[in-house]
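Structure file input-v1.cif (mmCIF, C-alpha atoms) follows.
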data_structure
#
loop_
_atom_site.group_PDB
_atom_site.id
_atom_site.type_symbol
_atom_site.label_atom_id
_atom_site.label_comp_id
_atom_site.auth_asym_id
_atom_site.auth_seq_id
_atom_site.Cartn_x
_atom_site.Cartn_y
_atom_site.Cartn_z
ATOM 1 C CA MET A 1 -6.783 -14.397 21.345
ATOM 2 C CA THR A 2 -4.354 -11.739 22.568
ATOM 3 C CA GLU A 3 -1.274 -11.417 20.406
ATOM 4 C CA ILE A 4 1.857 -11.738 22.541
ATOM 5 C CA ARG A 5 4.684 -9.606 21.157
ATOM 6 C CA HIS A 6 7.003 -9.588 24.173
ATOM 7 C CA ILE A 7 8.183 -12.541 26.279
ATOM 8 C CA VAL A 8 9.871 -11.928 29.640
ATOM 9 C CA PHE A 9 11.782 -14.659 31.479
ATOM 10 C CA ASP A 10 12.652 -14.891 35.140
ATOM 11 C CA ILE A 11 16.129 -16.402 35.644
ATOM 12 C CA GLY A 12 16.555 -18.265 38.949
ATOM 13 C CA ARG A 13 14.848 -21.681 38.929
ATOM 14 C CA VAL A 14 13.606 -21.008 35.383
ATOM 15 C CA LEU A 15 16.863 -20.815 33.414
ATOM 16 C CA ILE A 16 19.459 -21.604 36.084
ATOM 17 C CA HIS A 17 19.354 -23.732 39.219
ATOM 18 C CA TYR A 18 19.680 -22.110 42.643
ATOM 19 C CA ASP A 19 20.075 -23.984 45.898
ATOM 20 C CA PRO A 20 21.930 -22.493 48.911
ATOM 21 C CA GLU A 21 22.206 -25.929 50.482
ATOM 22 C CA ILE A 22 24.716 -27.157 47.903
ATOM 23 C CA PRO A 23 27.902 -25.684 49.431
ATOM 24 C CA PHE A 24 26.568 -25.949 52.983
ATOM 25 C CA ARG A 25 26.168 -29.709 52.721
ATOM 26 C CA ARG A 26 29.970 -29.661 52.665
ATOM 27 C CA LEU A 27 30.491 -26.746 55.065
ATOM 28 C CA ILE A 28 27.937 -27.880 57.685
ATOM 29 C CA PRO A 29 27.635 -31.662 57.250
ATOM 30 C CA ASP A 30 25.194 -32.102 60.139
ATOM 31 C CA GLU A 31 21.729 -31.821 58.582
ATOM 32 C CA GLU A 32 19.961 -30.434 61.644
ATOM 33 C CA ARG A 33 22.585 -27.764 62.245
ATOM 34 C CA ARG A 34 22.652 -26.861 58.535
ATOM 35 C CA ARG A 35 18.880 -26.459 58.496
ATOM 36 C CA TRP A 36 19.058 -24.257 61.592
ATOM 37 C CA PHE A 37 21.708 -22.038 59.994
ATOM 38 C CA LEU A 38 19.795 -21.515 56.747
ATOM 39 C CA GLU A 39 16.487 -20.957 58.562
ATOM 40 C CA ASN A 40 17.823 -18.628 61.278
ATOM 41 C CA VAL A 41 21.009 -16.947 60.037
ATOM 42 C CA CYS A 42 21.468 -16.803 56.252
ATOM 43 C CA THR A 43 17.734 -16.941 55.610
ATOM 44 C CA ASN A 44 15.771 -16.453 52.408
ATOM 45 C CA ASP A 45 14.494 -13.113 53.736
ATOM 46 C CA TRP A 46 18.060 -11.965 54.464
ATOM 47 C CA ASN A 47 19.158 -12.970 50.974
ATOM 48 C CA LEU A 48 16.155 -11.206 49.442
ATOM 49 C CA GLU A 49 17.395 -7.868 50.787
ATOM 50 C CA GLN A 50 20.526 -8.252 48.656
ATOM 51 C CA ASP A 51 18.171 -8.751 45.705
ATOM 52 C CA ARG A 52 16.560 -5.470 46.768
ATOM 53 C CA GLY A 53 19.895 -3.666 46.619
ATOM 54 C CA ARG A 54 21.640 -4.112 49.972
ATOM 55 C CA THR A 55 25.356 -4.768 49.502
ATOM 56 C CA ILE A 56 26.920 -8.066 50.453
ATOM 57 C CA ALA A 57 29.292 -6.248 52.824
ATOM 58 C CA GLU A 58 26.339 -4.654 54.631
ATOM 59 C CA ALA A 59 24.479 -7.948 54.754
ATOM 60 C CA GLU A 60 27.426 -9.846 56.200
ATOM 61 C CA ALA A 61 28.159 -7.150 58.798
ATOM 62 C CA LEU A 62 24.540 -7.190 59.949
ATOM 63 C CA LEU A 63 24.554 -10.936 60.583
ATOM 64 C CA ILE A 64 28.039 -11.063 62.086
ATOM 65 C CA ALA A 65 26.972 -8.427 64.618
ATOM 66 C CA THR A 66 24.110 -10.650 65.810
ATOM 67 C CA HIS A 67 25.736 -14.074 65.237
ATOM 68 C CA PRO A 68 29.496 -13.506 65.739
ATOM 69 C CA GLU A 69 30.069 -17.202 66.358
ATOM 70 C CA GLU A 70 28.824 -17.888 62.812
ATOM 71 C CA GLU A 71 31.125 -15.424 61.046
ATOM 72 C CA ALA A 72 32.956 -18.069 59.003
ATOM 73 C CA ASN A 73 29.728 -19.617 57.723
ATOM 74 C CA ILE A 74 28.143 -16.211 57.062
ATOM 75 C CA ARG A 75 31.097 -15.163 54.909
ATOM 76 C CA ALA A 76 31.032 -18.578 53.241
ATOM 77 C CA PHE A 77 27.545 -17.907 51.848
ATOM 78 C CA TYR A 78 28.652 -15.511 49.130
ATOM 79 C CA ALA A 79 32.210 -16.840 48.920
ATOM 80 C CA ASN A 80 30.665 -20.102 47.719
ATOM 81 C CA TRP A 81 27.696 -18.586 45.890
ATOM 82 C CA HIS A 82 28.914 -19.927 42.539
ATOM 83 C CA GLU A 83 28.246 -23.457 43.796
ATOM 84 C CA MET A 84 24.612 -22.576 44.539
ATOM 85 C CA VAL A 85 23.956 -21.863 40.841
ATOM 86 C CA SER A 86 25.212 -25.292 39.923
ATOM 87 C CA HIS A 87 23.789 -25.688 36.418
ATOM 88 C CA SER A 88 21.449 -24.315 33.799
ATOM 89 C CA TYR A 89 18.101 -25.837 32.852
ATOM 90 C CA ASP A 90 19.116 -26.645 29.307
ATOM 91 C CA ASP A 91 15.600 -27.492 28.136
ATOM 92 C CA SER A 92 14.320 -24.105 29.325
ATOM 93 C CA VAL A 93 17.320 -22.319 27.849
ATOM 94 C CA ALA A 94 16.608 -24.065 24.536
ATOM 95 C CA ILE A 95 13.063 -22.693 24.587
ATOM 96 C CA MET A 96 14.343 -19.173 25.234
ATOM 97 C CA THR A 97 17.031 -19.315 22.549
ATOM 98 C CA GLY A 98 14.522 -20.838 20.121
ATOM 99 C CA LEU A 99 12.219 -17.883 20.679
ATOM 100 C CA ILE A 100 15.076 -15.457 20.085
ATOM 101 C CA ASP A 101 16.128 -17.320 16.934
ATOM 102 C CA ALA A 102 12.531 -17.153 15.723
ATOM 103 C CA GLY A 103 12.645 -13.368 15.982
ATOM 104 C CA ARG A 104 10.624 -13.028 19.192
ATOM 105 C CA ASP A 105 11.264 -10.070 21.494
ATOM 106 C CA VAL A 106 12.733 -11.639 24.642
ATOM 107 C CA THR A 107 13.861 -9.839 27.799
ATOM 108 C CA MET A 108 14.470 -10.941 31.395
ATOM 109 C CA LEU A 109 13.205 -9.661 34.763
ATOM 110 C CA THR A 110 14.924 -11.091 37.810
ATOM 111 C CA ASN A 111 15.289 -10.757 41.561
ATOM 112 C CA PHE A 112 19.084 -10.882 41.764
ATOM 113 C CA SER A 113 21.858 -9.176 43.696
ATOM 114 C CA ALA A 114 23.652 -6.532 41.643
ATOM 115 C CA GLU A 115 26.927 -8.059 42.857
ATOM 116 C CA THR A 116 26.228 -11.688 41.976
ATOM 117 C CA PHE A 117 24.478 -11.118 38.649
ATOM 118 C CA PRO A 118 27.726 -10.280 36.784
ATOM 119 C CA ARG A 119 29.123 -13.572 38.083
ATOM 120 C CA ALA A 120 26.067 -15.402 36.761
ATOM 121 C CA ARG A 121 26.576 -13.787 33.353
ATOM 122 C CA GLN A 122 30.159 -15.051 33.261
ATOM 123 C CA MET A 123 29.037 -18.558 34.200
ATOM 124 C CA PHE A 124 26.055 -18.653 31.840
ATOM 125 C CA PRO A 125 26.751 -16.691 28.617
ATOM 126 C CA PHE A 126 23.217 -17.317 27.301
ATOM 127 C CA LEU A 127 22.058 -14.634 29.757
ATOM 128 C CA ASP A 128 23.476 -12.103 27.280
ATOM 129 C CA LEU A 129 21.277 -13.335 24.412
ATOM 130 C CA PRO A 130 17.954 -11.605 25.230
ATOM 131 C CA ARG A 131 17.475 -7.941 24.345
ATOM 132 C CA GLY A 132 18.065 -6.902 27.929
ATOM 133 C CA VAL A 133 17.409 -7.534 31.608
ATOM 134 C CA SER A 134 15.982 -5.735 34.616
ATOM 135 C CA VAL A 135 17.955 -6.730 37.743
ATOM 136 C CA SER A 136 16.204 -5.974 41.025
ATOM 137 C CA GLY A 137 19.407 -5.245 42.926
ATOM 138 C CA GLU A 138 20.414 -2.606 40.392
ATOM 139 C CA LEU A 139 16.984 -0.951 40.487
ATOM 140 C CA GLY A 140 16.310 -1.110 44.214
ATOM 141 C CA LEU A 141 12.955 -2.687 43.341
ATOM 142 C CA ILE A 142 11.855 -6.263 43.753
ATOM 143 C CA LYS A 143 9.180 -8.628 42.471
ATOM 144 C CA PRO A 144 6.292 -8.795 43.182
ATOM 145 C CA ASP A 145 6.209 -5.012 43.802
ATOM 146 C CA ARG A 146 4.250 -3.300 41.041
ATOM 147 C CA ALA A 147 7.014 -0.747 40.458
ATOM 148 C CA ILE A 148 9.511 -3.247 39.047
ATOM 149 C CA TYR A 149 7.045 -4.473 36.413
ATOM 150 C CA ASP A 150 6.245 -0.905 35.402
ATOM 151 C CA SER A 151 9.961 -0.087 35.265
ATOM 152 C CA HIS A 152 10.604 -3.042 32.946
ATOM 153 C CA ILE A 153 7.771 -1.979 30.648
ATOM 154 C CA GLU A 154 9.114 1.563 30.463
ATOM 155 C CA THR A 155 12.764 0.583 30.024
ATOM 156 C CA PHE A 156 12.117 -1.828 27.159
ATOM 157 C CA GLU A 157 9.111 -0.012 25.669
ATOM 158 C CA LEU A 158 6.754 -2.964 25.981
ATOM 159 C CA ASP A 159 2.989 -3.084 25.754
ATOM 160 C CA PRO A 160 1.927 -4.819 29.003
ATOM 161 C CA THR A 161 -1.208 -6.238 27.367
ATOM 162 C CA ALA A 162 1.028 -7.912 24.753
ATOM 163 C CA THR A 163 3.615 -9.146 27.276
ATOM 164 C CA LEU A 164 3.916 -12.696 28.636
ATOM 165 C CA PHE A 165 5.912 -13.271 31.831
ATOM 166 C CA ILE A 166 7.389 -16.626 32.917
ATOM 167 C CA ASP A 167 8.314 -17.101 36.602
ATOM 168 C CA ASP A 168 8.629 -20.009 39.054
ATOM 169 C CA SER A 169 7.062 -17.974 41.886
ATOM 170 C CA LEU A 170 3.280 -17.717 41.990
ATOM 171 C CA LYS A 171 3.592 -14.421 43.904
ATOM 172 C CA ASN A 172 5.611 -12.971 41.052
ATOM 173 C CA VAL A 173 3.210 -14.346 38.454
ATOM 174 C CA ASP A 174 0.331 -12.718 40.320
ATOM 175 C CA GLY A 175 2.315 -9.484 40.508
ATOM 176 C CA ALA A 176 2.734 -9.430 36.751
ATOM 177 C CA ILE A 177 -0.960 -10.085 36.194
ATOM 178 C CA ALA A 178 -1.819 -7.259 38.604
ATOM 179 C CA ALA A 179 0.432 -5.011 36.496
ATOM 180 C CA GLY A 180 -1.623 -5.831 33.387
ATOM 181 C CA TRP A 181 0.657 -8.502 31.917
ATOM 182 C CA HIS A 182 -0.083 -12.056 30.887
ATOM 183 C CA ALA A 183 1.885 -14.525 32.994
ATOM 184 C CA VAL A 184 2.435 -18.258 33.428
ATOM 185 C CA HIS A 185 3.773 -20.241 36.361
ATOM 186 C CA PHE A 186 6.939 -22.139 35.443
ATOM 187 C CA THR A 187 7.052 -25.722 36.688
ATOM 188 C CA GLY A 188 9.149 -27.267 33.914
ATOM 189 C CA ALA A 189 10.003 -27.005 30.246
ATOM 190 C CA GLU A 190 7.283 -29.363 29.054
ATOM 191 C CA ARG A 191 4.585 -27.324 30.760
ATOM 192 C CA LEU A 192 6.145 -24.091 29.467
ATOM 193 C CA ARG A 193 5.972 -25.353 25.884
ATOM 194 C CA ALA A 194 2.273 -26.093 26.392
ATOM 195 C CA ASP A 195 1.658 -22.681 27.943
ATOM 196 C CA LEU A 196 3.414 -20.933 25.065
ATOM 197 C CA ALA A 197 1.476 -23.002 22.523
ATOM 198 C CA ALA A 198 -1.763 -21.923 24.187
ATOM 199 C CA TYR A 199 -0.770 -18.367 23.271
ATOM 200 C CA GLY A 200 0.090 -19.470 19.740
ATOM 201 C CA ILE A 201 3.830 -19.200 20.390
ATOM 202 C CA ARG A 202 6.378 -21.694 19.146
ATOM 203 C CA GLY A 203 10.127 -21.186 19.198
#

Written as structure tokens, that's how I'd like the structure from this file.
Amino acid sequence: MTEIRHIVFDIGRVLIHYDPEIPFRRLIPDEERRRWFLENVCTNDWNLEQDRGRTIAEAEALLIATHPEEEANIRAFYANWHEMVSHSYDDSVAIMTGLIDAGRDVTMLTNFSAETFPRARQMFPFLDLPRGVSVSGELGLIKPDRAIYDSHIETFELDPTATLFIDDSLKNVDGAIAAGWHAVHFTGAERLRADLAAYGIRG
């Protein structure tokens, strides 16, 4: 069995919750109109470009130019971003902190805006516990592009064949495997414990 010496956690939907609908249930109470807004204006693809490094100011200006009637709701997206990350997954966080306490080498690799990640760190201090983090928005690289996995390996001096990645996105899991890592698909803490145990890892 391969010895895993490095464990890399994704953050969103693995350690902390993320749901853009949370503030918009209040801001746009009508369900059909809210769905239209999040599927056609502040879309996942639009948000992903901030994770790739585009500034929030640029992102807002782009949408306001094409949807001027939605300016208030467009600006509300990041003004109310803190509500979208409503809570941590305490059982997953306990696994991560247990691994750190056991002396395991733990880092994080996340698709995250460079502007919102500092806010997440203030809200969730456990994000400072691992040895370090690669933030896509700071690097201008994004999962599942091969370059971000290689950058993380180089930055933290990891052996990819001894590295286990944990992510809620199958595309990102596949990206890590293509980069020569081991990787598991996160669906919940109970399954993660079983996956870690299969590698002989206990926190």

Given 3 Å on each side, where is the centre and what are the edge lengths in Å to one decimal of the axis-aligned box enclosing the listed atoms of segment 112-117 of chain A, as JSON?
{"center_x": 23.0, "center_y": -9.1, "center_z": 41.2, "size_x": 13.8, "size_y": 11.2, "size_z": 11.0}

### Message
Suppose a student applies the PyMOL selection byres ((chain A and resi 133) around 9) to this structure; what residues should they get, written as a PyMOL selection string?
### Response
chain A and resi 8+107-110+127-128+130-132+134-135+152+156

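Point (25.5, -19.9, 63.2) has the following residues at most 7 Å away: Phe37, Val41, His67, Glu69, Glu70 and Asn73 of chain A (atoms considered: all atoms listed in the file).
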
Can you list what the PyMOL selection byres ((chain A and resi 81) around 10) grabs from this structure, as an mmCIF file with C-alpha atoms, keeping the file's coordinate frame?
data_model
loop_
_atom_site.group_PDB
_atom_site.id
_atom_site.type_symbol
_atom_site.label_atom_id
_atom_site.label_comp_id
_atom_site.auth_asym_id
_atom_site.auth_seq_id
_atom_site.Cartn_x
_atom_site.Cartn_y
_atom_site.Cartn_z
ATOM 1 C CA TYR A 18 19.680 -22.110 42.643
ATOM 2 C CA ASP A 19 20.075 -23.984 45.898
ATOM 3 C CA PRO A 20 21.930 -22.493 48.911
ATOM 4 C CA ILE A 22 24.716 -27.157 47.903
ATOM 5 C CA PRO A 23 27.902 -25.684 49.431
ATOM 6 C CA ALA A 76 31.032 -18.578 53.241
ATOM 7 C CA PHE A 77 27.545 -17.907 51.848
ATOM 8 C CA TYR A 78 28.652 -15.511 49.130
ATOM 9 C CA ALA A 79 32.210 -16.840 48.920
ATOM 10 C CA ASN A 80 30.665 -20.102 47.719
ATOM 11 C CA HIS A 82 28.914 -19.927 42.539
ATOM 12 C CA GLU A 83 28.246 -23.457 43.796
ATOM 13 C CA MET A 84 24.612 -22.576 44.539
ATOM 14 C CA VAL A 85 23.956 -21.863 40.841
ATOM 15 C CA SER A 86 25.212 -25.292 39.923
ATOM 16 C CA THR A 116 26.228 -11.688 41.976
ATOM 17 C CA ARG A 119 29.123 -13.572 38.083
ATOM 18 C CA ALA A 120 26.067 -15.402 36.761
#

### Message
For a test of reading the model, state the distance in Å between atom CA of Glu39 of chain A and atom CA of Ile148 of chain A, rounded to one decimal.
### Response
27.3 Å

## Note on the structure
Restricting to all atoms listed in the file, whichever of A:Ser113, A:Thr187, A:Thr97, A:Thr2 is closest to Ile166 of chain A is A:Thr187

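If you look at atom CA of Ala59 of chain A and atom CA of Gly12 of chain A, they are 20.5 Å away from each other.
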
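Of the residues listed (A:Glu60, A:Asp159, A:Asp10, A:Glu3), A:Glu3 shows the shortest atom-to-atom separation from Tyr199 of chain A; distances use only C-alpha atoms.
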
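A straight line drawn from atom CA of Ala72 of chain A to atom CA of Asp30 of chain A is 16.1 Å long.
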
### Query
Applied to the shown file, which residues does the PyMOL selection byres ((chain A and resi 165) around 9) return, written as number ranges by chain?
A: 6-10, 108-109, 163-164, 166-167, 173, 176-177, 181-185

Taking only N, CA and C atoms, show segment 89-129 of chain A of the given structure as an mmCIF file, in the first residue's frame.
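Here's the written file decode.cif:
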data_model
loop_
_atom_site.group_PDB
_atom_site.id
_atom_site.type_symbol
_atom_site.label_atom_id
_atom_site.label_comp_id
_atom_site.auth_asym_id
_atom_site.auth_seq_id
_atom_site.Cartn_x
_atom_site.Cartn_y
_atom_site.Cartn_z
ATOM 1 N N TYR A 89 -18.428 22.669 8.589
ATOM 2 C CA TYR A 89 -18.789 21.271 8.776
ATOM 3 C C TYR A 89 -17.918 20.743 9.906
ATOM 4 N N ASP A 90 -18.443 20.823 11.116
ATOM 5 C CA ASP A 90 -17.612 20.565 12.292
ATOM 6 C C ASP A 90 -17.031 19.161 12.318
ATOM 7 N N ASP A 91 -17.766 18.175 11.771
ATOM 8 C CA ASP A 91 -17.237 16.818 11.775
ATOM 9 C C ASP A 91 -16.044 16.696 10.823
ATOM 10 N N SER A 92 -16.095 17.402 9.696
ATOM 11 C CA SER A 92 -14.953 17.396 8.779
ATOM 12 C C SER A 92 -13.774 18.169 9.362
ATOM 13 N N VAL A 93 -14.085 19.299 9.987
ATOM 14 C CA VAL A 93 -13.025 20.091 10.617
ATOM 15 C C VAL A 93 -12.336 19.268 11.703
ATOM 16 N N ALA A 94 -13.121 18.486 12.449
ATOM 17 C CA ALA A 94 -12.540 17.644 13.500
ATOM 18 C C ALA A 94 -11.589 16.607 12.918
ATOM 19 N N ILE A 95 -11.925 16.070 11.747
ATOM 20 C CA ILE A 95 -11.013 15.128 11.093
ATOM 21 C C ILE A 95 -9.713 15.828 10.736
ATOM 22 N N MET A 96 -9.820 17.023 10.129
ATOM 23 C CA MET A 96 -8.626 17.753 9.728
ATOM 24 C C MET A 96 -7.757 18.106 10.930
ATOM 25 N N THR A 97 -8.373 18.645 11.986
ATOM 26 C CA THR A 97 -7.578 19.037 13.150
ATOM 27 C C THR A 97 -6.991 17.810 13.848
ATOM 28 N N GLY A 98 -7.723 16.685 13.805
ATOM 29 C CA GLY A 98 -7.185 15.450 14.373
ATOM 30 C C GLY A 98 -5.945 14.987 13.639
ATOM 31 N N LEU A 99 -5.958 15.134 12.314
ATOM 32 C CA LEU A 99 -4.784 14.765 11.524
ATOM 33 C C LEU A 99 -3.592 15.662 11.851
ATOM 34 N N ILE A 100 -3.873 16.952 11.997
ATOM 35 C CA ILE A 100 -2.800 17.891 12.353
ATOM 36 C C ILE A 100 -2.250 17.553 13.733
ATOM 37 N N ASP A 101 -3.148 17.302 14.683
ATOM 38 C CA ASP A 101 -2.713 16.971 16.048
ATOM 39 C C ASP A 101 -1.906 15.682 16.091
ATOM 40 N N ALA A 102 -2.197 14.790 15.136
ATOM 41 C CA ALA A 102 -1.473 13.512 15.083
ATOM 42 C C ALA A 102 -0.117 13.646 14.379
ATOM 43 N N GLY A 103 0.190 14.862 13.941
ATOM 44 C CA GLY A 103 1.487 15.096 13.310
ATOM 45 C C GLY A 103 1.494 14.922 11.804
ATOM 46 N N ARG A 104 0.308 14.795 11.191
ATOM 47 C CA ARG A 104 0.231 14.647 9.744
ATOM 48 C C ARG A 104 0.503 15.989 9.048
ATOM 49 N N ASP A 105 1.067 15.914 7.856
ATOM 50 C CA ASP A 105 1.313 17.114 7.060
ATOM 51 C C ASP A 105 0.042 17.458 6.299
ATOM 52 N N VAL A 106 -0.621 18.543 6.694
ATOM 53 C CA VAL A 106 -1.900 18.931 6.113
ATOM 54 C C VAL A 106 -1.778 20.315 5.483
ATOM 55 N N THR A 107 -2.195 20.419 4.217
ATOM 56 C CA THR A 107 -2.304 21.698 3.533
ATOM 57 C C THR A 107 -3.682 21.770 2.884
ATOM 58 N N MET A 108 -3.978 22.925 2.257
ATOM 59 C CA MET A 108 -5.278 23.112 1.616
ATOM 60 C C MET A 108 -5.067 23.657 0.200
ATOM 61 N N LEU A 109 -5.956 23.260 -0.701
ATOM 62 C CA LEU A 109 -5.939 23.714 -2.096
ATOM 63 C C LEU A 109 -7.370 24.050 -2.471
ATOM 64 N N THR A 110 -7.628 25.329 -2.767
ATOM 65 C CA THR A 110 -9.013 25.760 -2.902
ATOM 66 C C THR A 110 -9.226 26.685 -4.088
ATOM 67 N N ASN A 111 -10.376 26.542 -4.740
ATOM 68 C CA ASN A 111 -10.862 27.549 -5.677
ATOM 69 C C ASN A 111 -11.590 28.607 -4.856
ATOM 70 N N PHE A 112 -11.012 29.791 -4.769
ATOM 71 C CA PHE A 112 -11.533 30.829 -3.874
ATOM 72 C C PHE A 112 -11.068 32.180 -4.397
ATOM 73 N N SER A 113 -11.926 33.172 -4.321
ATOM 74 C CA SER A 113 -11.531 34.530 -4.671
ATOM 75 C C SER A 113 -10.466 35.036 -3.699
ATOM 76 N N ALA A 114 -9.472 35.727 -4.237
ATOM 77 C CA ALA A 114 -8.431 36.301 -3.374
ATOM 78 C C ALA A 114 -9.003 37.362 -2.447
ATOM 79 N N GLU A 115 -10.153 37.934 -2.809
ATOM 80 C CA GLU A 115 -10.755 38.984 -1.984
ATOM 81 C C GLU A 115 -11.661 38.431 -0.892
ATOM 82 N N THR A 116 -12.288 37.281 -1.139
ATOM 83 C CA THR A 116 -13.172 36.732 -0.107
ATOM 84 C C THR A 116 -12.448 35.769 0.829
ATOM 85 N N PHE A 117 -11.316 35.205 0.394
ATOM 86 C CA PHE A 117 -10.647 34.242 1.266
ATOM 87 C C PHE A 117 -10.199 34.854 2.594
ATOM 88 N N PRO A 118 -9.649 36.080 2.623
ATOM 89 C CA PRO A 118 -9.313 36.661 3.929
ATOM 90 C C PRO A 118 -10.530 36.794 4.847
ATOM 91 N N ARG A 119 -11.695 37.039 4.265
ATOM 92 C CA ARG A 119 -12.913 37.116 5.077
ATOM 93 C C ARG A 119 -13.254 35.745 5.646
ATOM 94 N N ALA A 120 -13.065 34.704 4.840
ATOM 95 C CA ALA A 120 -13.320 33.347 5.328
ATOM 96 C C ALA A 120 -12.378 33.006 6.476
ATOM 97 N N ARG A 121 -11.134 33.423 6.373
ATOM 98 C CA ARG A 121 -10.161 33.148 7.441
ATOM 99 C C ARG A 121 -10.567 33.828 8.742
ATOM 100 N N GLN A 122 -11.117 35.034 8.641
ATOM 101 C CA GLN A 122 -11.582 35.720 9.851
ATOM 102 C C GLN A 122 -12.774 34.993 10.470
ATOM 103 N N MET A 123 -13.656 34.486 9.617
ATOM 104 C CA MET A 123 -14.856 33.808 10.099
ATOM 105 C C MET A 123 -14.560 32.419 10.651
ATOM 106 N N PHE A 124 -13.559 31.757 10.065
ATOM 107 C CA PHE A 124 -13.267 30.366 10.417
ATOM 108 C C PHE A 124 -11.779 30.223 10.741
ATOM 109 N N PRO A 125 -11.371 30.514 11.983
ATOM 110 C CA PRO A 125 -9.948 30.521 12.336
ATOM 111 C C PRO A 125 -9.240 29.194 12.110
ATOM 112 N N PHE A 126 -9.970 28.083 12.042
ATOM 113 C CA PHE A 126 -9.310 26.787 11.822
ATOM 114 C C PHE A 126 -8.634 26.725 10.454
ATOM 115 N N LEU A 127 -8.981 27.647 9.549
ATOM 116 C CA LEU A 127 -8.323 27.667 8.241
ATOM 117 C C LEU A 127 -6.854 28.060 8.348
ATOM 118 N N ASP A 128 -6.451 28.584 9.499
ATOM 119 C CA ASP A 128 -5.036 28.919 9.716
ATOM 120 C C ASP A 128 -4.239 27.762 10.303
ATOM 121 N N LEU A 129 -4.892 26.647 10.618
ATOM 122 C CA LEU A 129 -4.196 25.547 11.298
ATOM 123 C C LEU A 129 -3.314 24.701 10.382
#
